[in-house]
Amino acid sequence: MLSQATSESAAAPLRWRVPAFLRWSIGWHAAAIALALLVPAAAGWALLAIVLNHLAITAAGLTPRSTLLGANVTCLPAAAAARGEVALTIDDGPDPQVTPAVLDLLDAAGQRATFFCIAERVQAHPALAREIVARGHAVENHTARHRHSFSFLGPRAYAAEIGRAQDILAQTTGQRPRCFRAPAGFRNIFLAPVLHRMGLRLVSWTRRGFDTREGDAAKVLARLTRALAAGDILLLHDGHAGRTPAGQPVVLAVLPPLLARLRAAGLRSVTLAQGLAP
């Protein structure tokens with residue numbers, strides 16, 4: 001059996017290509033430092049230029065759908081859209097009180113989904129994670145612990161957190177994840193090269209329902225279906241799920257009308273592996 005490092009490096013391209021925005025940022029820093037050295041009186045302006053660039057980098061990391069810091073899948077490719085496919089993604093589980101009902105609703109509609117699971121929750125509920133896969137859905141990497149400080153980590157901490165999640169998910173489900181989603185979509189400049197080395201693709205979404213903090217299922221549904229189109233990646237949550245005024249997890253109130261809307265529009269929800277395939 002191949003080792004983890006061997007199998008992941010074989011799946012990834014040999015060299016990570018620095019994004020144009022970061023190459024521009026390096027040049028910006030070099031120019032600012034040169035200005036400060038050559039024209040000491042302009043050192044304040046040079047420092048301001050560097051600060052502004054750091055703010056721009058931070059803003060890019062706090063914009064979940066941004067591609068400035070590296071590749072980021074925000075929708076399915078044109079081939080999937082031509083097939084009438086969308087990708088329903090469900091984050092933060094598995095949750096034994098919510099996930100089984102989500103699976104039943106998906107099965108009843110004949111639709112498939114991708115579950116971005118927190119690895120420590122998979123450790124706590126391994127049979128449920130295996131059931132997700134056994135019922136035709138996919139489990140992908142959503143970190144080991146879903147740390148709120150994720151966007152402040154360095155490369156070594158990223159590698160440890162994501163690598164640990166990879167091992168737990170692979171050992172539990174028998175399938176090694178190929179996609180990764182950052183907590184809340186937030187990250188920094190160190191994430192992309194780590195994902196590259198592990199052969200993982202960063203995936204965000206086309207539209208989200210904000211169902212962790214919105215208790216009105218109609219509002220969540222409206223956000224997900226406004227301008228809904230083939231190729232969309234939709235985001236809901238089975239873990240950390242918000243609750244309706246009646247106490248029902250929002251995802252369970254939203255899924256039936258959402259799945260009906262997909263069917264009426266002639267759209268089919270597939271796993272990310274299926275939708276991203278050539």
# chains A, B, ... in the order shown; residues from 1 in each chain; ligands from 1
$ closest_atom_pairs --of "segment 196-251 of chain A" --to "segment 181-189 of chain A" --cutoff "7 Å" --atoms "only C-alpha atoms" --output "tab-separated table"
residue	atom	partner	partner_atom	distance
A:Leu202	CA	A:Arg181	CA	5.8
A:Val203	CA	A:Arg181	CA	5.4
A:Ser204	CA	A:Arg181	CA	6.3
$ write_last_selection --atoms "N, CA and C atoms" --output "compact mmCIF listing (two decimals), in the first residue's frame"
# COMPACT_ATOMS: atom_id res chain seq x y z
N LEU A 202 -9.62 23.04 -3.16
CA LEU A 202 -10.44 23.91 -2.34
C LEU A 202 -11.77 24.14 -3.03
N VAL A 203 -12.87 23.92 -2.30
CA VAL A 203 -14.21 24.10 -2.85
C VAL A 203 -14.99 25.04 -1.94
N SER A 204 -15.56 26.08 -2.51
CA SER A 204 -16.46 26.94 -1.75
C SER A 204 -17.89 26.68 -2.22
$ atom_distance --atom1 "atom CA of Ala170 of chain A" --atom2 "atom CA of Ala113 of chain A"
18.0 Å
$ closest_residue --among "A:Gly61, A:Gly275, A:Pro155, A:Gly44" --to "Leu22 of chain A" --atoms "only C-alpha atoms"
A:Gly61
$ closest_residue --among "A:Gln111, A:Ala157, A:Ala273, A:Gln171" --to "Ala129 of chain A" --atoms "only C-alpha atoms"
A:Gln171
$ atom_distance --atom1 "atom CA of Gly266 of chain A" --atom2 "atom CA of Ala78 of chain A"
16.4 Å
$ closest_residue --among "A:Ser25, A:Gln97, A:Thr67, A:Asn141" --to "Ala49 of chain A" --atoms "only C-alpha atoms"
A:Ser25
$ residues_around --residues "Gly247 of chain A" --least-positions-apart "4" --cutoff "9 Å" --atoms "only C-alpha atoms" --output "PyMOL selection string"
chain A and resi 215+242-243
$ residues_around --residues "Arg176 of chain A" --least-positions-apart "6" --cutoff "10 Å" --atoms "only C-alpha atoms" --output "ChimeraX atom specification"
/A:4,8,139-141,165-170,200
$ closest_atom_pairs --of "segment 21-81 of chain A" --to "segment 148-151 of chain A" --cutoff "12 Å" --atoms "only C-alpha atoms" --output "Markdown table"
| residue | atom | partner | partner_atom | distance |
| --- | --- | --- | --- | --- |
| A:Ile57 | CA | A:Ser151 | CA | 11.9 |
| A:Thr58 | CA | A:Ser151 | CA | 9.4 |
| A:Ala59 | CA | A:Ser151 | CA | 11.3 |
| A:Ala60 | CA | A:Ser151 | CA | 11.3 |
| A:Gly61 | CA | A:Ser151 | CA | 7.5 |
| A:Leu62 | CA | A:Ser151 | CA | 8.1 |
| A:Thr63 | CA | A:Ser151 | CA | 11.3 |
| A:Pro64 | CA | A:Ser151 | CA | 11.1 |
$ atom_distance --atom1 "atom CA of Phe210 of chain A" --atom2 "atom CA of Thr173 of chain A"
28.1 Å
$ closest_residue --among "A:Leu267, A:Val98, A:Ala218, A:Leu259" --to "Thr244 of chain A" --atoms "only C-alpha atoms"
A:Ala218
$ closest_residue --among "A:Ala260, A:Val133, A:Ala46, A:Ile162" --to "Leu103 of chain A" --atoms "only C-alpha atoms"
A:Val133
$ closest_residue --among "A:Trp45, A:Phe116, A:Trp16, A:Phe21" --to "Ile33 of chain A" --atoms "only C-alpha atoms"
A:Trp45
